[in-house]
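Below: run-v1.cif (mmCIF, C-alpha atoms)
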```cif
data_start
#
loop_
_atom_site.group_PDB
_atom_site.id
_atom_site.type_symbol
_atom_site.label_atom_id
_atom_site.label_comp_id
_atom_site.auth_asym_id
_atom_site.auth_seq_id
_atom_site.Cartn_x
_atom_site.Cartn_y
_atom_site.Cartn_z
ATOM 1 C CA MET A 20 0.000 0.000 0.000
ATOM 2 C CA SER A 21 1.436 3.421 -0.957
ATOM 3 C CA LYS A 22 1.910 6.286 1.476
ATOM 4 C CA GLY A 23 -0.862 8.142 -0.323
ATOM 5 C CA ASN A 24 -3.303 5.296 0.246
ATOM 6 C CA VAL A 25 -2.308 5.021 3.894
ATOM 7 C CA SER A 26 -2.940 8.743 4.350
ATOM 8 C CA GLU A 27 -6.341 8.558 2.655
ATOM 9 C CA ALA A 28 -7.339 5.558 4.768
ATOM 10 C CA ALA A 29 -6.343 7.397 7.943
ATOM 11 C CA GLN A 30 -8.393 10.433 6.905
ATOM 12 C CA ASP A 31 -11.462 8.308 6.064
ATOM 13 C CA LYS A 32 -11.267 6.779 9.531
ATOM 14 C CA TYR A 33 -12.085 10.160 11.105
ATOM 15 C CA LEU A 34 -14.864 11.238 8.738
ATOM 16 C CA VAL A 35 -18.387 11.519 10.154
ATOM 17 C CA PRO A 36 -20.724 10.222 7.410
ATOM 18 C CA ALA A 37 -23.894 11.883 8.747
ATOM 19 C CA LEU A 38 -22.192 15.273 9.008
ATOM 20 C CA GLU A 39 -20.711 14.862 5.543
ATOM 21 C CA ARG A 40 -24.150 14.044 4.090
ATOM 22 C CA GLY A 41 -25.731 17.021 5.829
ATOM 23 C CA LEU A 42 -23.127 19.420 4.452
ATOM 24 C CA LEU A 43 -23.393 17.913 0.975
ATOM 25 C CA LEU A 44 -27.159 18.390 1.167
ATOM 26 C CA LEU A 45 -26.762 22.080 2.071
ATOM 27 C CA GLY A 46 -24.309 22.437 -0.810
ATOM 28 C CA GLN A 47 -27.012 21.491 -3.321
ATOM 29 C CA PHE A 48 -28.727 24.844 -2.846
ATOM 30 C CA ASN A 49 -27.391 27.738 -4.916
ATOM 31 C CA HIS A 50 -28.578 30.817 -6.818
ATOM 32 C CA ARG A 51 -30.101 28.589 -9.521
ATOM 33 C CA ASP A 52 -31.577 25.930 -7.239
ATOM 34 C CA ARG A 53 -33.018 27.943 -4.389
ATOM 35 C CA LYS A 54 -35.755 25.390 -3.722
ATOM 36 C CA LEU A 55 -35.357 21.615 -3.839
ATOM 37 C CA SER A 56 -37.642 18.710 -2.933
ATOM 38 C CA ALA A 57 -36.664 15.730 -0.803
ATOM 39 C CA PRO A 58 -36.923 13.305 -3.774
ATOM 40 C CA GLU A 59 -34.666 15.563 -5.859
ATOM 41 C CA LEU A 60 -32.104 15.779 -3.065
ATOM 42 C CA ALA A 61 -32.206 11.988 -2.655
ATOM 43 C CA ARG A 62 -31.562 11.573 -6.384
ATOM 44 C CA ARG A 63 -28.661 14.037 -6.415
ATOM 45 C CA LEU A 64 -26.994 12.567 -3.336
ATOM 46 C CA ASN A 65 -27.793 8.973 -4.291
ATOM 47 C CA LEU A 66 -29.267 8.360 -0.851
ATOM 48 C CA PRO A 67 -32.470 6.639 0.347
ATOM 49 C CA ARG A 68 -35.385 9.036 0.737
ATOM 50 C CA SER A 69 -35.715 8.049 4.399
ATOM 51 C CA THR A 70 -32.117 9.160 5.036
ATOM 52 C CA VAL A 71 -32.658 12.474 3.248
ATOM 53 C CA PHE A 72 -35.883 12.997 5.197
ATOM 54 C CA ARG A 73 -34.049 12.556 8.524
ATOM 55 C CA LEU A 74 -31.309 14.937 7.394
ATOM 56 C CA LEU A 75 -33.890 17.545 6.410
ATOM 57 C CA MET A 76 -35.757 17.188 9.703
ATOM 58 C CA THR A 77 -32.518 17.684 11.644
ATOM 59 C CA LEU A 78 -31.428 20.685 9.578
ATOM 60 C CA GLU A 79 -34.914 22.183 9.760
ATOM 61 C CA SER A 80 -34.997 21.885 13.552
ATOM 62 C CA MET A 81 -31.717 23.838 13.685
ATOM 63 C CA GLY A 82 -32.880 26.490 11.231
ATOM 64 C CA PHE A 83 -30.467 25.604 8.431
ATOM 65 C CA VAL A 84 -33.308 24.734 6.036
ATOM 66 C CA GLN A 85 -36.978 25.665 5.992
ATOM 67 C CA ARG A 86 -40.019 24.609 4.039
ATOM 68 C CA ALA A 87 -40.876 26.757 1.045
ATOM 69 C CA GLU A 88 -44.409 27.854 0.198
ATOM 70 C CA GLY A 89 -46.614 24.798 -0.265
ATOM 71 C CA GLY A 90 -44.589 22.677 2.149
ATOM 72 C CA HIS A 91 -43.143 20.252 -0.425
ATOM 73 C CA ASP A 92 -39.841 21.963 -1.250
ATOM 74 C CA TYR A 93 -37.052 23.183 0.986
ATOM 75 C CA ARG A 94 -34.791 26.206 0.907
ATOM 76 C CA LEU A 95 -31.892 27.472 3.016
ATOM 77 C CA GLY A 96 -32.871 28.852 6.420
ATOM 78 C CA LEU A 97 -31.769 31.948 8.309
ATOM 79 C CA ALA A 98 -29.235 29.983 10.359
ATOM 80 C CA VAL A 99 -27.061 29.674 7.239
ATOM 81 C CA LEU A 100 -27.097 33.447 6.824
ATOM 82 C CA ARG A 101 -26.403 33.996 10.511
ATOM 83 C CA LEU A 102 -23.487 31.593 10.379
ATOM 84 C CA GLY A 103 -22.035 33.441 7.403
ATOM 85 C CA PHE A 104 -22.577 36.915 8.813
ATOM 86 C CA GLU A 105 -21.203 36.054 12.233
ATOM 87 C CA TYR A 106 -18.177 34.439 10.626
ATOM 88 C CA LEU A 107 -17.469 37.585 8.624
ATOM 89 C CA ALA A 108 -17.990 39.770 11.684
ATOM 90 C CA SER A 109 -15.706 37.570 13.774
ATOM 91 C CA LEU A 110 -13.128 37.536 10.979
ATOM 92 C CA GLU A 111 -13.010 41.333 10.923
ATOM 93 C CA LEU A 112 -12.822 41.445 14.690
ATOM 94 C CA THR A 113 -10.024 38.902 14.895
ATOM 95 C CA GLU A 114 -8.001 40.466 12.088
ATOM 96 C CA LEU A 115 -8.245 43.918 13.631
ATOM 97 C CA GLY A 116 -8.252 42.818 17.264
ATOM 98 C CA ALA A 117 -5.474 40.205 17.354
ATOM 99 C CA PRO A 118 -2.553 42.666 17.078
ATOM 100 C CA LEU A 119 -4.176 44.939 19.670
ATOM 101 C CA LEU A 120 -4.514 41.987 22.083
ATOM 102 C CA GLU A 121 -0.846 41.129 21.523
ATOM 103 C CA ARG A 122 0.191 44.701 22.256
ATOM 104 C CA LEU A 123 -2.004 44.929 25.362
ATOM 105 C CA ARG A 124 -0.702 41.617 26.678
ATOM 106 C CA GLY A 125 2.851 42.892 26.214
ATOM 107 C CA GLU A 126 2.026 46.081 28.098
ATOM 108 C CA ILE A 127 0.279 44.552 31.113
ATOM 109 C CA GLY A 128 1.784 41.051 31.231
ATOM 110 C CA PHE A 129 -1.573 39.243 31.487
ATOM 111 C CA SER A 130 -3.563 37.127 29.040
ATOM 112 C CA CYS A 131 -6.044 39.090 26.941
ATOM 113 C CA ASN A 132 -9.211 37.885 25.210
ATOM 114 C CA LEU A 133 -11.785 38.992 22.669
ATOM 115 C CA VAL A 134 -15.256 37.417 22.781
ATOM 116 C CA VAL A 135 -18.580 37.741 20.956
ATOM 117 C CA ARG A 136 -22.058 36.656 22.007
ATOM 118 C CA ASP A 137 -24.010 33.831 20.401
ATOM 119 C CA GLY A 138 -27.401 33.727 22.077
ATOM 120 C CA ARG A 139 -26.941 32.845 25.745
ATOM 121 C CA SER A 140 -23.236 32.049 25.332
ATOM 122 C CA ILE A 141 -20.025 33.941 24.774
ATOM 123 C CA VAL A 142 -17.495 32.607 22.255
ATOM 124 C CA TYR A 143 -13.769 33.337 22.416
ATOM 125 C CA VAL A 144 -12.641 34.508 18.959
ATOM 126 C CA ALA A 145 -9.111 35.757 19.767
ATOM 127 C CA LYS A 146 -6.639 35.286 22.600
ATOM 128 C CA SER A 147 -3.128 36.379 23.509
ATOM 129 C CA SER A 148 -1.666 34.276 26.320
ATOM 130 C CA ALA A 149 0.918 35.571 28.760
ATOM 131 C CA PRO A 150 3.876 33.270 29.590
ATOM 132 C CA THR A 151 2.939 32.607 33.219
ATOM 133 C CA PRO A 152 2.549 29.461 35.373
ATOM 134 C CA PHE A 153 -1.213 30.152 35.412
ATOM 135 C CA THR A 154 -2.923 27.855 32.905
ATOM 136 C CA SER A 155 -6.197 29.132 31.490
ATOM 137 C CA SER A 156 -8.978 26.691 30.702
ATOM 138 C CA VAL A 157 -10.282 28.779 27.799
ATOM 139 C CA HIS A 158 -9.103 28.805 24.215
ATOM 140 C CA VAL A 159 -10.321 30.227 20.922
ATOM 141 C CA GLY A 160 -13.698 28.620 20.289
ATOM 142 C CA THR A 161 -14.499 28.071 23.991
ATOM 143 C CA ARG A 162 -18.125 28.815 24.886
ATOM 144 C CA LEU A 163 -19.198 29.998 28.349
ATOM 145 C CA PRO A 164 -22.525 31.209 29.801
ATOM 146 C CA ALA A 165 -23.023 34.930 29.167
ATOM 147 C CA HIS A 166 -24.900 35.672 32.394
ATOM 148 C CA ALA A 167 -22.216 34.104 34.602
ATOM 149 C CA THR A 168 -19.066 35.706 33.143
ATOM 150 C CA VAL A 169 -17.607 39.205 33.295
ATOM 151 C CA LEU A 170 -17.122 39.312 29.520
ATOM 152 C CA GLY A 171 -20.695 38.106 29.076
ATOM 153 C CA ARG A 172 -22.040 40.878 31.283
ATOM 154 C CA VAL A 173 -20.403 43.406 28.971
ATOM 155 C CA LEU A 174 -22.070 41.794 25.949
ATOM 156 C CA LEU A 175 -25.502 41.990 27.605
ATOM 157 C CA GLU A 176 -25.348 45.718 28.363
ATOM 158 C CA ASP A 177 -27.313 46.778 25.269
ATOM 159 C CA LEU A 178 -30.292 44.539 26.038
ATOM 160 C CA SER A 179 -33.473 45.861 27.616
ATOM 161 C CA LEU A 180 -35.128 44.053 30.519
ATOM 162 C CA ASP A 181 -37.713 42.566 28.126
ATOM 163 C CA GLU A 182 -34.960 41.350 25.779
ATOM 164 C CA LEU A 183 -33.104 39.759 28.677
ATOM 165 C CA ARG A 184 -36.276 38.017 29.809
ATOM 166 C CA GLU A 185 -36.783 36.679 26.308
ATOM 167 C CA LEU A 186 -33.194 35.406 26.282
ATOM 168 C CA PHE A 187 -33.475 33.924 29.796
ATOM 169 C CA PRO A 188 -37.131 32.931 30.294
ATOM 170 C CA GLU A 189 -36.418 30.709 33.308
ATOM 171 C CA GLU A 190 -37.337 31.916 36.792
ATOM 172 C CA HIS A 191 -33.905 31.224 38.263
ATOM 173 C CA LEU A 192 -30.617 31.511 36.362
ATOM 174 C CA GLU A 193 -28.150 28.647 36.536
ATOM 175 C CA SER A 194 -25.513 29.361 39.174
ATOM 176 C CA TYR A 195 -21.779 28.894 38.543
ATOM 177 C CA SER A 196 -20.406 30.721 41.581
ATOM 178 C CA SER A 197 -21.637 32.665 44.573
ATOM 179 C CA SER A 198 -21.466 35.820 42.417
ATOM 180 C CA THR A 199 -23.814 34.596 39.659
ATOM 181 C CA PRO A 200 -27.042 36.645 39.563
ATOM 182 C CA HIS A 201 -30.059 34.555 40.552
ATOM 183 C CA THR A 202 -32.743 36.245 38.446
ATOM 184 C CA VAL A 203 -33.025 38.203 35.222
ATOM 185 C CA LEU A 204 -33.909 41.363 37.159
ATOM 186 C CA GLU A 205 -30.754 40.995 39.243
ATOM 187 C CA LEU A 206 -28.740 40.446 36.052
ATOM 188 C CA TYR A 207 -30.319 43.504 34.407
ATOM 189 C CA GLU A 208 -29.532 45.759 37.361
ATOM 190 C CA MET A 209 -25.966 44.441 37.400
ATOM 191 C CA VAL A 210 -25.282 45.076 33.701
ATOM 192 C CA GLN A 211 -26.868 48.531 33.835
ATOM 193 C CA LYS A 212 -24.373 49.518 36.539
ATOM 194 C CA ASP A 213 -21.624 48.031 34.349
ATOM 195 C CA ARG A 214 -22.861 50.130 31.418
ATOM 196 C CA GLU A 215 -22.810 53.340 33.459
ATOM 197 C CA ARG A 216 -19.300 52.543 34.706
ATOM 198 C CA GLY A 217 -17.995 51.784 31.225
ATOM 199 C CA TYR A 218 -16.093 48.658 32.255
ATOM 200 C CA VAL A 219 -16.270 45.631 34.575
ATOM 201 C CA LEU A 220 -13.661 44.560 37.121
ATOM 202 C CA GLN A 221 -14.447 41.633 39.386
ATOM 203 C CA GLU A 222 -12.683 38.793 41.132
ATOM 204 C CA ALA A 223 -13.910 35.177 41.066
ATOM 205 C CA PHE A 224 -17.133 35.996 39.232
ATOM 206 C CA PHE A 225 -16.949 32.785 37.192
ATOM 207 C CA GLU A 226 -13.683 31.117 38.177
ATOM 208 C CA ALA A 227 -12.045 31.117 41.616
ATOM 209 C CA ARG A 228 -8.707 32.898 42.067
ATOM 210 C CA VAL A 229 -9.123 34.818 38.814
ATOM 211 C CA SER A 230 -9.946 38.499 38.289
ATOM 212 C CA THR A 231 -11.165 39.920 34.984
ATOM 213 C CA VAL A 232 -11.280 43.474 33.690
ATOM 214 C CA ALA A 233 -13.340 43.979 30.530
ATOM 215 C CA ALA A 234 -14.730 46.747 28.331
ATOM 216 C CA PRO A 235 -17.147 46.878 25.378
ATOM 217 C CA VAL A 236 -16.204 47.028 21.694
ATOM 218 C CA ARG A 237 -18.740 48.862 19.522
ATOM 219 C CA ASP A 238 -19.323 49.072 15.774
ATOM 220 C CA GLY A 239 -20.312 52.039 13.592
ATOM 221 C CA THR A 240 -23.911 51.905 14.824
ATOM 222 C CA GLY A 241 -22.856 52.118 18.464
ATOM 223 C CA ARG A 242 -23.934 48.536 19.127
ATOM 224 C CA ILE A 243 -21.763 46.342 21.372
ATOM 225 C CA VAL A 244 -20.324 43.636 19.108
ATOM 226 C CA ALA A 245 -17.577 42.228 21.327
ATOM 227 C CA ALA A 246 -16.005 42.390 24.760
ATOM 228 C CA LEU A 247 -12.271 42.808 25.287
ATOM 229 C CA GLY A 248 -10.728 41.770 28.567
ATOM 230 C CA ALA A 249 -7.679 40.782 30.558
ATOM 231 C CA THR A 250 -7.434 37.800 32.923
ATOM 232 C CA ILE A 251 -5.434 38.310 36.116
ATOM 233 C CA PRO A 252 -4.510 35.485 38.526
ATOM 234 C CA SER A 253 -5.320 36.540 42.095
ATOM 235 C CA SER A 254 -1.740 35.754 43.128
ATOM 236 C CA ARG A 255 -0.529 38.498 40.798
ATOM 237 C CA PHE A 256 -3.286 41.035 41.443
ATOM 238 C CA GLU A 257 -1.784 44.337 42.599
ATOM 239 C CA PRO A 258 -4.339 46.907 43.841
ATOM 240 C CA ASP A 259 -2.086 49.844 43.006
ATOM 241 C CA ARG A 260 -2.176 48.792 39.316
ATOM 242 C CA ILE A 261 -5.968 48.729 38.991
ATOM 243 C CA ASP A 262 -6.371 52.187 37.460
ATOM 244 C CA ASP A 263 -3.618 51.533 34.937
ATOM 245 C CA LEU A 264 -5.032 48.107 33.956
ATOM 246 C CA VAL A 265 -8.569 49.436 33.577
ATOM 247 C CA GLY A 266 -7.354 52.390 31.539
ATOM 248 C CA ARG A 267 -5.303 50.241 29.163
ATOM 249 C CA VAL A 268 -8.121 47.727 28.622
ATOM 250 C CA ARG A 269 -10.662 50.500 27.986
ATOM 251 C CA ASN A 270 -8.333 52.359 25.636
ATOM 252 C CA THR A 271 -7.641 49.185 23.655
ATOM 253 C CA ALA A 272 -11.357 48.406 23.397
ATOM 254 C CA MET A 273 -12.014 51.959 22.198
ATOM 255 C CA GLU A 274 -9.184 51.701 19.655
ATOM 256 C CA LEU A 275 -10.725 48.535 18.233
ATOM 257 C CA SER A 276 -14.153 50.221 18.227
ATOM 258 C CA ARG A 277 -12.786 53.099 16.170
ATOM 259 C CA LEU A 278 -11.298 50.612 13.698
ATOM 260 C CA LEU A 279 -14.867 49.265 13.358
ATOM 261 C CA ASN A 280 -16.010 52.828 12.502
ATOM 262 C CA TYR A 281 -17.395 53.668 15.933
ATOM 263 C CA SER A 282 -17.302 57.362 16.768
ATOM 264 C CA PRO A 283 -18.515 58.459 20.213
ATOM 265 C CA GLU A 284 -18.620 62.039 18.965
ATOM 266 C CA LYS A 285 -20.956 61.027 16.131
ATOM 267 C CA MET A 286 -23.153 59.020 18.518
ATOM 268 C CA GLN A 287 -23.354 62.020 20.846
ATOM 269 C CA ALA A 288 -24.386 64.317 18.019
ATOM 270 C CA MET A 289 -27.023 61.848 16.837
ATOM 271 C CA GLY A 290 -28.381 61.639 20.378
ATOM 272 C CA LYS A 291 -28.722 65.424 20.588
ATOM 273 C CA VAL A 292 -30.568 65.528 17.260
ATOM 274 C CA ALA A 293 -32.913 62.772 18.439
ATOM 275 C CA ASN A 294 -33.661 64.669 21.665
ATOM 276 C CA LEU A 295 -34.425 67.869 19.758
ATOM 277 C CA TRP A 296 -36.730 65.950 17.440
ATOM 278 C CA HIS A 297 -38.683 64.395 20.323
ATOM 279 C CA ASN A 298 -38.883 67.692 22.190
#
```
Translate this file's structure into structure tokens.
Amino acid sequence: MSKGNVSEAAQDKYLVPALERGLLLLGQFNHRDRKLSAPELARRLNLPRSTVFRLLMTLESMGFVQRAEGGHDYRLGLAVLRLGFEYLASLELTELGAPLLERLRGEIGFSCNLVVRDGRSIVYVAKSSAPTPFTSSVHVGTRLPAHATVLGRVLLEDLSLDELRELFPEEHLESYSSSTPHTVLELYEMVQKDRERGYVLQEAFFEARVSTVAAPVRDGTGRIVAALGATIPSSRFEPDRIDDLVGRVRNTAMELSRLLNYSPEKMQAMGKVANLWHN
């Protein structure tokens, strides 16, 4: 057996057939074939109709396909668009934010992170690790609960109380530490104070013996699109450095915001115009 065949066999060993079929099914839709029936998809993929039906049911439940008018054909769902748009947004953030994280990490000597929100979770999209004995449990791609993390609190600041209740309909929020808010109202009051302050600094909010300082990153519309933060092991936390750390994190977040076309001056002017209009 040649080396090439050995390599191909090793790759095939790790393929997930069901996932492969699902992605091939999604790939059948294009600008010419915007709607396709289950029998047509079965013919194209050379699969039993029962298999295609199960694939469609799974993809439909996740929002990647939806039934077209009449209920017989399928078309791509909004989840495909969301996946694409969030990828592009994250790509811009990581390309612009990565060098800023590296610079900030060099200045303060602590690991720095950039996260975005996906529903009830935060997702780490960029990270610059400091060479310290402290080993972080998070990496790019890690997902954590938004309501129970400092970075998540920053990403929830733009939401109204009604929007938070829609996002967290349960009566009691899942607890991860003694600092986790117990109800949506408690969470709302917490993030509103964060918003007024302009940053968050808290010890052991999600993980023991770890402090986090974080600030919002905004886009051209003024909307919070990411949170930028630094992780500080409690053993290295120096109270006399707090003001400097907070200032550097906030300045870096604002620098990234400006790269995303955010202008606080423009937002202020728009706010004044809106007030005059309403008055």
task = Starting from the shown file, work through the PyMOL selection byres ((chain A and resi 46) around 12) and note down what comes out as a ChimeraX atom specification.
result = /A:39-45,47-50,52-53,55,60,63-64,83-84,94-95,99
Could you please take those selected residues and save C-alpha atoms as a PDB file, in the frame of the given file?
```pdb
ATOM      1  CA  GLU A  39     -20.711  14.862   5.543  1.00  0.00           C
ATOM      2  CA  ARG A  40     -24.150  14.044   4.090  1.00  0.00           C
ATOM      3  CA  GLY A  41     -25.731  17.021   5.829  1.00  0.00           C
ATOM      4  CA  LEU A  42     -23.127  19.420   4.452  1.00  0.00           C
ATOM      5  CA  LEU A  43     -23.393  17.913   0.975  1.00  0.00           C
ATOM      6  CA  LEU A  44     -27.159  18.390   1.167  1.00  0.00           C
ATOM      7  CA  LEU A  45     -26.762  22.080   2.071  1.00  0.00           C
ATOM      8  CA  GLN A  47     -27.012  21.491  -3.321  1.00  0.00           C
ATOM      9  CA  PHE A  48     -28.727  24.844  -2.846  1.00  0.00           C
ATOM     10  CA  ASN A  49     -27.391  27.738  -4.916  1.00  0.00           C
ATOM     11  CA  HIS A  50     -28.578  30.817  -6.818  1.00  0.00           C
ATOM     12  CA  ASP A  52     -31.577  25.930  -7.239  1.00  0.00           C
ATOM     13  CA  ARG A  53     -33.018  27.943  -4.389  1.00  0.00           C
ATOM     14  CA  LEU A  55     -35.357  21.615  -3.839  1.00  0.00           C
ATOM     15  CA  LEU A  60     -32.104  15.779  -3.065  1.00  0.00           C
ATOM     16  CA  ARG A  63     -28.661  14.037  -6.415  1.00  0.00           C
ATOM     17  CA  LEU A  64     -26.994  12.567  -3.336  1.00  0.00           C
ATOM     18  CA  PHE A  83     -30.467  25.604   8.431  1.00  0.00           C
ATOM     19  CA  VAL A  84     -33.308  24.734   6.036  1.00  0.00           C
ATOM     20  CA  ARG A  94     -34.791  26.206   0.907  1.00  0.00           C
ATOM     21  CA  LEU A  95     -31.892  27.472   3.016  1.00  0.00           C
ATOM     22  CA  VAL A  99     -27.061  29.674   7.239  1.00  0.00           C
TER      23      VAL A  99
END
```
request  = Within 8 Å of range 252-257 of chain A, counting only C-alpha atoms, which residues show up once you throw out same-chain ones fewer than 6 positions away? Write them as an MDAnalysis selection string, please.
outcome  = chainID A and resid 153 222 228:230
task = Show which residues sit within 8 Å of His191 in chain A, as a PyMOL selection string. Count all atoms listed in the file, and ignore same-chain residues fewer than 2 positions away.
result = chain A and resi 189+193+201-203
query = In Å, how far is it from CA of Val219 in chain A to CA of Arg260 in chain A?
reply =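 If I compute the distance from CA of Val219 in chain A to CA of Arg260 in chain A, I get 15.2 Å.
The space between CA of Ser282 in chain A and CA of Thr240 in chain A spans 8.8 Å.
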task = Please write as a PyMOL selection string the full residue list that the PyMOL selection byres ((chain A and resi 199) around 9) yields on this file.
result = chain A and resi 166-168+192-198+200-201+206+224-225
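Residues in contact with Arg162 in chain A at 8 Å, where all atoms listed in the file are counted and same-chain residues fewer than 5 positions away are skipped, are listed as Ser140, Ile141, Val142 and Tyr143 of chain A.
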request  = Rank A:Val169, A:Glu226, A:Asn132, A:Asp263 by their smallest atom-to-atom distance to Ala117 in chain A, using all atoms listed in the file, and report the top residue only.
outcome  = A:Asn132
ask   = What gap, in Å, lies between CA of Val35 in chain A and CA of Lys54 in chain A?
value =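 Result for CA of Val35 in chain A versus CA of Lys54 in chain A: 26.2 Å, one decimal.
Residue nearest Gly138 in chain A, chosen from A:Leu75, A:Leu183, A:Leu220, A:Leu204 and counting all atoms listed in the file: A:Leu183.
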key: Selection result for the PyMOL selection byres ((chain A and resi 268) around 12) on this file, as a PyMOL selection string   = chain A and resi 119-120+122-124+126-127+129-133+217-220+231-236+246-250+261-267+269-275
query = Could you name the residues that touch Arg277 in chain A at 9 Å or less, counting all atoms listed in the file, but leaving out those on the same chain fewer than 6 positions away, as a list in words?
reply =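 Close residues of Arg277 in chain A: Val236, Arg237, Asp238, Gly239 and Pro283 of chain A.
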Among the residues A:Ala165, A:Met209, A:Met81, A:Ala145, the one that comes closest to Gly96 in chain A [using only C-alpha atoms] =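 Using only C-alpha atoms, Gly96 in chain A sits closest to A:Met81.
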message = Excluding Leu186 in chain A and its own-chain neighbours fewer than 4 positions away, which residues fall within 10 Å of it when counting all atoms listed in the file? Please give them as number ranges by chain.
response = A: 138-139, 178, 180-182, 203
Let me know the centre plus edge lengths, in Å and rounded to one decimal, of a box with edges along x, y and z that contains all listed atoms of range 57-73 of chain A and is padded by 3 Å on every side, as lines of an AutoDock Vina configuration file.
```
center_x = -32.0
center_y = 11.2
center_z = 1.1
size_x = 15.9
size_y = 15.1
size_z = 20.9
```
